[in-house]
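Data block for structure10.txt (compact mmCIF, C-alpha atoms):
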```txt
# COMPACT_ATOMS: atom_id res chain seq x y z
CA MET P 14 127.29 98.31 96.08
CA LEU P 15 129.74 97.79 98.95
CA LYS P 16 132.63 98.48 96.56
CA ASP P 17 131.02 101.81 95.65
CA GLY P 18 131.34 102.76 99.30
CA HIS P 19 127.69 102.24 100.29
CA THR P 20 126.53 100.54 103.45
CA VAL P 21 124.51 97.46 102.54
CA SER P 22 122.30 95.78 105.11
CA CYS P 23 121.09 92.29 104.23
CA LEU P 24 118.07 90.69 105.91
CA ASP P 25 117.52 86.95 105.45
CA GLN P 26 115.67 84.31 107.39
CA ASP P 27 118.51 81.81 107.03
CA PRO P 28 121.59 82.47 109.23
CA GLU P 29 123.63 80.34 106.80
CA SER P 30 123.13 82.92 104.04
CA HIS P 31 125.82 85.04 105.66
CA ALA P 32 128.48 82.64 104.37
CA ARG P 33 127.18 83.06 100.81
CA LEU P 34 127.64 86.83 101.04
CA GLU P 35 131.37 86.34 101.64
CA VAL P 36 131.97 84.05 98.68
CA GLY P 37 134.63 85.68 96.48
CA MET P 38 135.43 88.37 99.03
CA ASP P 39 138.89 88.67 100.57
CA CYS P 40 137.64 89.94 103.94
CA ALA P 41 134.61 89.51 106.19
CA TRP P 42 131.24 90.95 105.06
CA GLU P 43 131.14 93.25 108.07
CA GLU P 44 134.71 94.46 107.52
CA ALA P 45 133.74 95.53 104.02
CA GLY P 46 130.93 97.68 105.44
CA GLY P 47 128.10 95.17 105.25
CA LEU P 48 125.42 94.43 107.84
CA PHE P 49 123.51 91.18 108.26
CA THR P 50 120.30 90.54 110.18
CA VAL P 51 118.45 87.26 110.57
CA GLY P 52 114.68 87.55 110.37
CA THR P 53 111.67 87.37 108.08
CA ALA P 54 110.63 90.29 105.94
CA LEU P 55 107.30 90.96 107.62
CA GLU P 56 108.82 91.19 111.10
CA VAL P 57 108.89 94.86 111.99
CA GLU P 58 111.58 94.32 114.62
CA ALA P 59 113.87 92.62 112.10
CA LEU P 60 113.34 95.37 109.51
CA GLU P 61 114.11 98.05 112.06
CA MET P 62 117.13 96.16 113.36
CA ALA P 63 118.37 95.99 109.77
CA GLY P 64 118.06 99.79 109.67
CA ILE P 65 115.03 100.39 107.44
CA GLU P 66 114.29 103.66 109.22
CA LYS P 67 117.45 105.27 107.91
CA ALA P 68 117.66 103.48 104.56
CA ASP P 69 117.86 105.53 101.35
CA SER P 70 117.03 102.52 99.19
CA PHE P 71 115.20 99.26 99.75
CA VAL P 72 115.28 96.17 97.55
CA ALA P 73 112.81 93.32 98.08
CA ALA P 74 114.29 90.24 96.43
CA THR P 75 113.05 87.24 98.41
CA ASN P 76 111.94 84.16 96.49
CA GLY P 77 108.27 85.06 97.00
CA ASP P 78 106.56 87.57 94.69
CA ASN P 79 103.81 88.34 97.16
CA THR P 80 106.25 88.81 100.03
CA ASN P 81 108.23 91.27 97.89
CA ILE P 82 105.09 93.18 96.89
CA VAL P 83 103.83 93.48 100.47
CA ILE P 84 107.18 94.35 102.01
CA SER P 85 107.93 96.97 99.33
CA GLN P 86 104.68 98.73 100.07
CA ILE P 87 105.51 98.68 103.77
CA ALA P 88 108.92 100.24 103.00
CA GLN P 89 107.21 102.88 100.84
CA ARG P 90 104.25 103.77 103.01
CA ARG P 91 105.29 103.06 106.57
CA TYR P 92 109.00 103.87 106.43
CA GLU P 93 108.89 106.30 103.47
CA VAL P 94 112.11 104.94 101.93
CA SER P 95 112.77 107.07 98.84
CA THR P 96 113.84 104.32 96.41
CA VAL P 97 112.02 100.99 96.67
CA ILE P 98 112.45 98.18 94.13
CA ALA P 99 110.58 94.87 94.10
CA ARG P 100 111.60 91.71 92.30
CA ILE P 101 108.46 90.14 90.82
CA LEU P 102 108.80 86.98 88.71
CA ASP P 103 105.21 86.94 87.44
CA PRO P 104 105.04 89.40 84.49
CA LEU P 105 101.31 90.15 84.94
CA ARG P 106 101.62 91.00 88.62
CA ALA P 107 104.79 93.02 87.93
CA GLU P 108 103.00 95.03 85.26
CA TRP P 109 99.97 95.87 87.38
CA TYR P 110 102.01 96.90 90.40
CA ARG P 111 104.24 99.03 88.17
CA GLU P 112 101.10 100.84 87.02
CA GLN P 113 100.27 101.39 90.69
CA GLY P 114 103.55 103.23 91.23
CA LEU P 115 105.78 100.45 92.53
CA GLU P 116 109.18 100.15 90.89
CA THR P 117 109.49 96.55 89.79
CA ILE P 118 112.12 94.34 88.18
CA CYS P 119 110.74 91.28 86.39
CA PRO P 120 113.57 88.78 85.75
CA THR P 121 111.21 86.61 83.69
CA ARG P 122 110.47 89.46 81.30
CA VAL P 123 114.19 90.33 81.04
CA ALA P 124 115.10 86.69 80.31
CA ILE P 125 112.38 86.41 77.67
CA GLU P 126 113.64 89.55 75.93
CA MET P 127 117.25 88.26 75.97
CA LEU P 128 116.17 84.91 74.58
CA GLU P 129 114.07 86.55 71.88
CA ASP P 130 116.96 88.79 70.85
CA ARG P 131 119.32 85.83 70.71
CA LEU P 132 116.88 83.73 68.67
CA ARG P 133 116.10 86.57 66.26
CA ALA P 134 119.83 87.15 65.73
CA GLY P 135 120.16 83.44 64.97
CA PHE P 136 117.30 83.55 62.43
CA ALA P 137 118.80 86.62 60.78
CA ASP P 138 122.08 84.72 60.45
CA VAL P 139 120.41 81.73 58.87
CA ASN P 140 118.44 83.95 56.46
CA ALA P 141 121.61 85.83 55.48
CA ARG P 142 123.46 82.62 54.71
CA GLY P 143 120.42 81.25 52.86
CA GLY P 144 120.49 84.37 50.68
CA GLU P 145 124.10 83.77 49.64
CA ALA P 146 123.59 80.18 48.61
CA MET S 25 75.52 86.51 95.53
CA TYR S 26 78.68 85.37 93.71
CA LEU S 27 81.70 84.89 95.99
CA ILE S 28 85.27 83.74 95.48
CA VAL S 29 86.96 81.97 98.39
CA VAL S 30 90.73 81.46 98.21
CA GLY S 31 92.42 78.66 100.14
CA ALA S 32 90.86 75.21 100.58
CA GLY S 33 92.05 74.55 104.11
CA LYS S 34 89.57 73.75 106.87
CA VAL S 35 88.28 77.33 106.95
CA GLY S 36 87.92 77.68 103.19
CA VAL S 37 86.24 74.33 102.61
CA ASN S 38 83.73 74.64 105.43
CA LEU S 39 82.96 78.23 104.55
CA THR S 40 82.37 77.29 100.92
CA ARG S 41 80.10 74.42 101.88
CA GLU S 42 78.02 76.66 104.18
CA LEU S 43 77.73 79.37 101.55
CA LEU S 44 76.65 76.87 98.89
CA GLN S 45 74.01 75.52 101.26
CA GLN S 46 72.73 79.05 101.77
CA GLY S 47 72.18 79.22 98.02
CA HIS S 48 75.12 81.41 97.05
CA GLU S 49 77.27 80.81 94.01
CA VAL S 50 80.83 80.16 95.17
CA THR S 51 84.18 79.38 93.55
CA LEU S 52 86.90 78.05 95.82
CA ILE S 53 90.48 78.38 94.53
CA GLU S 54 93.27 76.11 95.77
CA SER S 55 96.90 76.11 94.61
CA SER S 56 98.01 72.73 95.93
CA ARG S 57 97.19 69.98 93.46
CA PRO S 58 96.72 67.14 96.00
CA ARG S 59 94.48 69.27 98.18
CA TYR S 60 92.50 70.44 95.17
CA LEU S 61 91.91 66.85 94.08
CA ALA S 62 90.77 65.84 97.59
CA VAL S 63 88.38 68.80 97.88
CA GLU S 64 87.06 68.35 94.34
CA GLN S 65 85.61 64.99 95.42
CA LYS S 66 83.25 66.84 97.74
CA LEU S 67 82.68 70.23 96.12
CA GLU S 68 83.04 69.20 92.46
CA HIS S 69 82.96 72.11 90.00
CA ALA S 70 82.83 74.75 92.75
CA VAL S 71 86.58 74.31 93.25
CA HIS S 72 89.23 75.58 90.83
CA TYR S 73 92.89 74.62 90.73
CA GLY S 74 95.36 77.49 90.54
CA ASP S 75 97.38 80.17 92.34
CA ALA S 76 94.94 82.98 93.05
CA SER S 77 97.73 85.51 93.28
CA GLU S 78 98.08 85.11 89.51
CA LEU S 79 95.71 87.53 87.85
CA TRP S 80 94.59 85.18 85.09
CA VAL S 81 93.50 82.60 87.68
CA LEU S 82 91.28 85.20 89.33
CA GLU S 83 89.94 86.24 85.93
CA ARG S 84 89.20 82.64 84.99
CA ALA S 85 87.24 82.34 88.23
CA GLY S 86 85.14 85.33 87.15
CA ILE S 87 86.47 87.96 89.54
CA GLU S 88 84.96 90.72 87.38
CA ARG S 89 81.48 89.73 88.49
CA ALA S 90 82.35 88.65 92.07
CA GLU S 91 80.58 90.60 94.78
CA MET S 92 82.94 89.37 97.46
CA VAL S 93 86.41 87.85 97.75
CA VAL S 94 87.40 85.98 100.91
CA ALA S 95 91.13 85.19 101.25
CA VAL S 96 91.70 82.53 103.89
CA THR S 97 94.98 80.92 102.88
CA GLY S 98 97.61 80.11 105.49
CA ASP S 99 99.89 82.82 104.10
CA ASP S 100 99.36 86.42 105.15
CA GLU S 101 101.23 87.92 102.19
CA ASP S 102 99.03 85.95 99.79
CA ASN S 103 95.88 87.07 101.59
CA ILE S 104 96.99 90.71 101.46
CA LEU S 105 97.91 90.55 97.79
CA ILE S 106 94.73 88.76 96.71
CA CYS S 107 92.52 91.23 98.55
CA GLN S 108 94.48 94.24 97.32
CA VAL S 109 94.19 93.11 93.71
CA ALA S 110 90.51 92.21 94.12
CA LYS S 111 89.69 95.60 95.59
CA GLU S 112 91.91 97.91 93.57
CA LYS S 113 92.21 96.19 90.19
CA TYR S 114 88.86 94.45 89.87
CA ASP S 115 86.71 96.77 92.02
CA VAL S 116 85.25 93.90 94.04
CA PRO S 117 82.90 95.68 96.47
CA ARG S 118 83.66 93.58 99.51
CA ILE S 119 86.67 91.65 100.75
CA ILE S 120 87.52 89.66 103.87
CA ALA S 121 91.08 88.63 104.74
CA ARG S 122 92.33 86.12 107.23
CA VAL S 123 95.26 87.13 109.45
CA ASN S 124 97.32 84.08 110.41
CA ASN S 125 99.96 85.82 112.48
CA PRO S 126 98.47 88.58 114.68
CA SER S 127 101.72 90.56 114.49
CA ASN S 128 101.02 91.04 110.75
CA ARG S 129 97.79 92.88 111.47
CA PRO S 130 99.34 96.37 111.13
CA HIS S 131 100.42 95.46 107.58
CA PHE S 132 96.80 94.69 106.64
CA ASP S 133 95.73 98.03 108.15
CA LEU S 134 98.51 99.92 106.38
CA LEU S 135 97.47 98.58 102.99
CA GLY S 136 93.78 99.15 103.60
CA ILE S 137 92.86 95.46 103.76
CA LYS S 138 89.78 95.20 105.94
CA PRO S 139 87.86 93.70 107.50
CA VAL S 140 90.22 91.01 108.72
CA VAL S 141 89.56 87.86 110.72
CA SER S 142 92.15 86.40 113.03
CA SER S 143 91.35 83.19 114.86
CA THR S 144 94.11 83.90 117.39
CA ASP S 145 92.57 87.27 118.21
CA LEU S 146 89.09 85.73 118.43
CA ILE S 147 90.27 83.11 120.90
CA LEU S 148 92.12 85.73 122.94
CA ARG S 149 88.94 87.78 123.01
CA LEU S 150 86.89 84.82 124.19
CA LEU S 151 89.53 84.06 126.80
CA GLY S 152 89.18 87.61 128.03
CA HIS S 153 85.42 87.06 128.26
CA GLU S 154 85.78 83.79 130.18
CA VAL S 155 88.63 84.67 132.51
CA PRO S 156 87.18 86.83 135.29
CA HIS S 157 90.26 88.82 136.31
CA GLN S 158 90.25 90.63 132.97
CA ASN S 159 87.97 93.52 133.82
CA LEU S 160 87.62 95.04 130.35
CA VAL S 161 86.93 93.14 127.15
CA HIS S 162 86.43 94.48 123.64
CA LEU S 163 83.45 92.65 122.18
CA LEU S 164 83.27 94.59 118.93
CA ASP S 165 85.61 97.09 117.28
CA LEU S 166 84.44 98.95 114.19
CA GLU S 167 87.54 101.06 113.69
CA ALA S 168 86.46 102.89 110.55
CA GLU S 169 83.03 103.66 111.98
CA LYS S 170 84.55 104.74 115.33
CA ILE S 171 82.25 102.55 117.40
CA GLU S 172 83.13 99.85 119.90
CA ILE S 173 81.30 97.68 122.38
CA ILE S 174 83.11 96.83 125.60
CA GLU S 175 82.29 94.68 128.59
CA VAL S 176 83.42 95.90 132.00
CA ARG S 177 83.15 94.06 135.29
CA LEU S 178 82.22 96.33 138.18
CA LYS S 179 84.71 95.93 141.01
CA ASP S 180 83.71 95.95 144.69
CA ASP S 181 85.16 99.42 145.09
CA SER S 182 83.58 100.83 141.92
CA PRO S 183 82.16 104.31 142.62
CA ILE S 184 78.96 103.48 140.76
CA ALA S 185 78.14 100.18 142.51
CA GLY S 186 74.77 100.81 144.19
CA MET S 187 73.91 103.74 141.94
CA LYS S 188 70.99 103.96 139.53
CA VAL S 189 71.84 104.03 135.84
CA GLY S 190 70.00 107.35 135.41
CA ASP S 191 72.21 108.99 138.04
CA ILE S 192 75.51 108.07 136.43
CA GLU S 193 77.19 110.83 134.49
CA THR S 194 78.46 108.91 131.50
CA PRO S 195 80.79 110.76 129.12
CA ASP S 196 79.50 112.02 125.76
CA ARG S 197 79.16 109.44 123.00
CA THR S 198 78.94 106.53 125.44
CA LEU S 199 75.89 104.49 126.39
CA LEU S 200 75.34 101.64 128.84
CA ILE S 201 73.34 99.11 126.86
CA SER S 202 73.17 95.98 128.96
CA ILE S 203 73.84 94.48 132.39
CA LEU S 204 74.82 90.84 132.85
CA ARG S 205 74.11 89.57 136.36
CA ASN S 206 74.14 85.96 137.59
CA GLY S 207 74.24 84.68 134.04
CA VAL S 208 71.25 86.75 132.87
CA GLY S 209 71.45 89.84 130.72
CA PHE S 210 68.97 92.71 130.58
CA VAL S 211 68.66 96.17 129.09
CA PRO S 212 68.71 98.67 131.95
CA THR S 213 66.31 101.54 132.49
CA ALA S 214 67.18 104.76 134.31
CA ASP S 215 65.97 103.08 137.53
CA SER S 216 68.11 99.94 137.26
CA GLU S 217 70.57 99.72 140.14
CA LEU S 218 74.13 98.58 139.48
CA GLN S 219 75.84 96.05 141.75
CA ALA S 220 79.48 95.11 142.27
CA GLY S 221 80.19 92.05 140.14
CA ASP S 222 77.87 93.13 137.31
CA ASP S 223 79.22 92.91 133.80
CA ILE S 224 78.25 96.06 131.95
CA LEU S 225 78.11 96.33 128.18
CA ALA S 226 78.63 99.78 126.77
CA VAL S 227 78.70 101.15 123.25
CA LEU S 228 80.99 104.11 122.70
CA ASP S 229 83.33 106.15 120.56
CA PRO S 230 86.77 104.53 121.15
CA VAL S 231 88.36 107.86 122.10
CA GLN S 232 86.04 107.96 125.12
CA GLU S 233 87.19 104.59 126.47
CA GLU S 234 89.49 106.01 129.16
CA ALA S 235 86.87 108.51 130.28
CA LEU S 236 84.21 105.81 130.57
CA LYS S 237 86.56 103.45 132.42
CA LYS S 238 87.18 106.20 134.96
CA VAL S 239 83.44 106.68 135.56
CA LEU S 240 82.92 102.92 135.91
CA GLY S 241 85.86 102.61 138.29
CA ALA S 242 87.70 100.26 135.94
CA GLY S 243 90.95 102.20 135.74
CA SER S 244 93.69 100.75 133.60
```
Using structure tokens, write down the structure from this file.
Amino acid sequence: MLKDGHTVSCLDQDPESHARLEVGMDCAWEEAGGLFTVGTALEVEALEMAGIEKADSFVAATNGDNTNIVISQIAQRRYEVSTVIARILDPLRAEWYREQGLETICPTRVAIEMLEDRLRAGFADVNARGGEA
Amino acid sequence: MYLIVVGAGKVGVNLTRELLQQGHEVTLIESSRPRYLAVEQKLEHAVHYGDASELWVLERAGIERAEMVVAVTGDDEDNILICQVAKEKYDVPRIIARVNNPSNRPHFDLLGIKPVVSSTDLILRLLGHEVPHQNLVHLLDLEAEKIEIIEVRLKDDSPIAGMKVGDIETPDRTLLISILRNGVGFVPTADSELQAGDDILAVLDPVQEEALKKVLGAGS
């Protein structure tokens, strides 16, 4: 997103995560237009320091489904961010919250679909070869 | 009544035990295996193992027929999520959520999770009651119902010290309901005389708090 010319502000509770952001980059994260704030997602001060009040989009992608669900709703309702996306690993929770109007990405569901496609392609291959024999 | 309690920490376990003793049907849900096994020794089949933020775990515990869900885990996000799902997906009529970190309280309010219980707030409130230099304490706040009960200590220079209750012009929607003096409380009549050092309990509409404080001489 930085390469597209957007400003990306990253909030993480681990100060060390900053180094990971710069992996594969040829300049500093900040030089490329990035921002970095240390704090936890439910801390209002940290969110505001990271610039949530002027954000056009908000992505909640911590390693906790419930944290992402709660923080996305805060971004939607309290800060009225226009695009809010939550990463939810649990397919059932992702589905219900999607029905409630939260935009969700479920990596588990995506991985299952990819695996199914790959396996089906494999079966089709085997069947095709079986037919020739 | 059938209740689901989530989180088998000290609060959850003791609450479940009390509720069972009162004759209620209770299921306690705990997501840590070692803790579940320890608690199961005492509470047997009343405790389930599982992560209550997963919908199927709640369904297995019979959330569709639960009349109340109490979320008292040590994680505020989990408590919010469990209560939100209970209320909005399964139409559970009553919920109670525990707030671990008082600064998260606005998030519970924002998402309509109430009532909430916060042990930190309770202790602060009790401290306010015990420590004399705090001259106004909130004893009860029913935000939705717009009713609160406050306790105010009358200072030596209070304009109403020495006055009779019936002569005090209290603001609309406020009522003096009790006087605590020398460790004894009583319900005043119009003839009761107020003294400096009295603790006065009043019930009121929260918007009238400043007006009442002014009358009682307990300016902020």
Which residues of chain P have any atom within 9 Å of an atom in chain S when counting all atoms listed in the file, and what is the closest pair of atoms for each, with the distance in Å to one decimal? Order the rows by chain and rising number and write it as CSV.
```
residue,atom,partner,partner_atom,distance
P:Leu55,CA,S:Asn128,CA,7.0
P:Glu56,CA,S:Asn128,CA,7.8
P:Val57,CA,S:Ser127,CA,8.7
P:Asn79,CA,S:Glu101,CA,5.7
P:Thr80,CA,S:Glu101,CA,5.5
P:Asn81,CA,S:Glu101,CA,8.9
P:Ile82,CA,S:Leu105,CA,7.7
P:Val83,CA,S:Glu101,CA,6.4
P:Ile84,CA,S:Glu101,CA,8.8
P:Gln86,CA,S:Leu135,CA,7.8
P:Ile87,CA,S:His131,CA,7.1
P:Arg90,CA,S:Leu134,CA,7.7
P:Arg91,CA,S:Leu134,CA,7.5
P:Asp103,CA,S:Glu78,CA,7.6
P:Leu105,CA,S:Leu79,CA,6.8
P:Arg106,CA,S:Leu79,CA,6.9
P:Trp109,CA,S:Lys113,CA,8.3
```
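The two atoms in question, atom CA of His72 of chain S and atom CA of Glu54 of chain S, are spaced 6.4 Å apart.
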I'd like the neighbourhood of segment 230-237 of chain S as a list in words, where a residue qualifies if any of its atoms comes within 7 Å (using only C-alpha atoms), though same-chain residues fewer than 4 positions away should be ignored.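 Final neighbour list, sorted by chain and number: Lys170, Ile171, Glu172, Thr194, Pro195, Gly241, Ala242 and Gly243 of chain S.
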What does the distance from atom CA of Leu146 of chain S to atom CA of Val208 of chain S come to in Å, to one decimal?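 Atom CA of Val208 of chain S lies 23.0 Å from atom CA of Leu146 of chain S.
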Atom CA of Gly33 of chain S and atom CA of Gly98 of chain S, how far apart in Å?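 So the two atoms, atom CA of Gly98 of chain S and atom CA of Gly33 of chain S, lie 8.0 Å apart.
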Between P:Asp138, P:Glu44, P:Asp27, P:Asp39, which is the closest to Thr75 of chain P once you count only C-alpha atoms?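 Result for the nearest residue to Thr75 of chain P: P:Asp27.
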Can you tell me, as a PyMOL selection string, what residues are no more than 10 Å from Arg205 of chain S when counting all atoms listed in the file, ignoring any on the same chain fewer than 4 positions away? chain S and resi 209-210+218-224
Selected residues, C-alpha atoms, written as a compact mmCIF listing (two decimals), keeping the file's coordinate frame, please.
```txt
# COMPACT_ATOMS: atom_id res chain seq x y z
CA GLY S 209 71.45 89.84 130.72
CA PHE S 210 68.97 92.71 130.58
CA LEU S 218 74.13 98.58 139.48
CA GLN S 219 75.84 96.05 141.75
CA ALA S 220 79.48 95.11 142.27
CA GLY S 221 80.19 92.05 140.14
CA ASP S 222 77.87 93.13 137.31
CA ASP S 223 79.22 92.91 133.80
CA ILE S 224 78.25 96.06 131.95
```
Give the answer as one residue: which of S:Ile184, S:Val30, S:Ala95, S:Val116 has the shortest atom-to-atom distance to Val141 of chain S, using only C-alpha atoms?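 Among the listed residues, the smallest separation from Val141 of chain S belongs to S:Ala95.
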List as a PyMOL selection string the protein and nucleic acid residues near Glu193 of chain S, meaning an atom at most 12 Å away when all atoms listed in the file are counted, but skip any in the same chain fewer than 6 places from it. chain S and resi 183-184+187+199-200+214+235-236+238-240
Can you tell me which residues surround segment 112-116 of chain P at a distance of at most 9 Å, considering only C-alpha atoms, apart from same-chain residues fewer than 4 positions away, and format the answer as number ranges by chain? P: 82, 85-86, 89, 96-100, 107-108
Please reconstruct the missing atoms of segment 118-132 of chain S (target: N, CA and C atoms) and return them as a PDB file, in the frame of the given file.
```
ATOM      1  N   ARG S 118      83.380  93.974  98.128  1.00  0.00           N
ATOM      2  CA  ARG S 118      83.660  93.580  99.510  1.00  0.00           C
ATOM      3  C   ARG S 118      84.744  92.510  99.584  1.00  0.00           C
ATOM      4  N   ILE S 119      85.626  92.649 100.552  1.00  0.00           N
ATOM      5  CA  ILE S 119      86.670  91.650 100.750  1.00  0.00           C
ATOM      6  C   ILE S 119      86.724  91.266 102.230  1.00  0.00           C
ATOM      7  N   ILE S 120      87.208  90.063 102.495  1.00  0.00           N
ATOM      8  CA  ILE S 120      87.520  89.660 103.870  1.00  0.00           C
ATOM      9  C   ILE S 120      88.848  88.928 103.825  1.00  0.00           C
ATOM     10  N   ALA S 121      89.767  89.276 104.727  1.00  0.00           N
ATOM     11  CA  ALA S 121      91.080  88.630 104.740  1.00  0.00           C
ATOM     12  C   ALA S 121      91.317  87.957 106.076  1.00  0.00           C
ATOM     13  N   ARG S 122      91.962  86.809 106.004  1.00  0.00           N
ATOM     14  CA  ARG S 122      92.330  86.120 107.230  1.00  0.00           C
ATOM     15  C   ARG S 122      93.749  86.528 107.624  1.00  0.00           C
ATOM     16  N   VAL S 123      93.925  86.845 108.911  1.00  0.00           N
ATOM     17  CA  VAL S 123      95.260  87.130 109.450  1.00  0.00           C
ATOM     18  C   VAL S 123      95.713  85.884 110.185  1.00  0.00           C
ATOM     19  N   ASN S 124      96.816  85.277 109.730  1.00  0.00           N
ATOM     20  CA  ASN S 124      97.320  84.080 110.410  1.00  0.00           C
ATOM     21  C   ASN S 124      98.175  84.443 111.615  1.00  0.00           C
ATOM     22  N   ASN S 125      99.067  85.404 111.404  1.00  0.00           N
ATOM     23  CA  ASN S 125      99.960  85.820 112.480  1.00  0.00           C
ATOM     24  C   ASN S 125      99.527  87.204 112.977  1.00  0.00           C
ATOM     25  N   PRO S 126      99.022  87.301 114.207  1.00  0.00           N
ATOM     26  CA  PRO S 126      98.470  88.580 114.680  1.00  0.00           C
ATOM     27  C   PRO S 126      99.460  89.736 114.563  1.00  0.00           C
ATOM     28  N   SER S 127     100.769  89.447 114.586  1.00  0.00           N
ATOM     29  CA  SER S 127     101.720  90.560 114.490  1.00  0.00           C
ATOM     30  C   SER S 127     101.732  91.155 113.078  1.00  0.00           C
ATOM     31  N   ASN S 128     101.107  90.483 112.107  1.00  0.00           N
ATOM     32  CA  ASN S 128     101.020  91.040 110.750  1.00  0.00           C
ATOM     33  C   ASN S 128      99.842  91.984 110.577  1.00  0.00           C
ATOM     34  N   ARG S 129      99.010  92.083 111.577  1.00  0.00           N
ATOM     35  CA  ARG S 129      97.790  92.880 111.470  1.00  0.00           C
ATOM     36  C   ARG S 129      98.048  94.323 111.024  1.00  0.00           C
ATOM     37  N   PRO S 130      99.085  94.988 111.577  1.00  0.00           N
ATOM     38  CA  PRO S 130      99.340  96.370 111.130  1.00  0.00           C
ATOM     39  C   PRO S 130      99.604  96.473 109.629  1.00  0.00           C
ATOM     40  N   HIS S 131     100.161  95.424 109.024  1.00  0.00           N
ATOM     41  CA  HIS S 131     100.420  95.460 107.580  1.00  0.00           C
ATOM     42  C   HIS S 131      99.097  95.470 106.807  1.00  0.00           C
ATOM     43  N   PHE S 132      98.125  94.696 107.273  1.00  0.00           N
ATOM     44  CA  PHE S 132      96.800  94.690 106.640  1.00  0.00           C
ATOM     45  C   PHE S 132      96.191  96.090 106.743  1.00  0.00           C
TER      46      PHE S 132
END
```
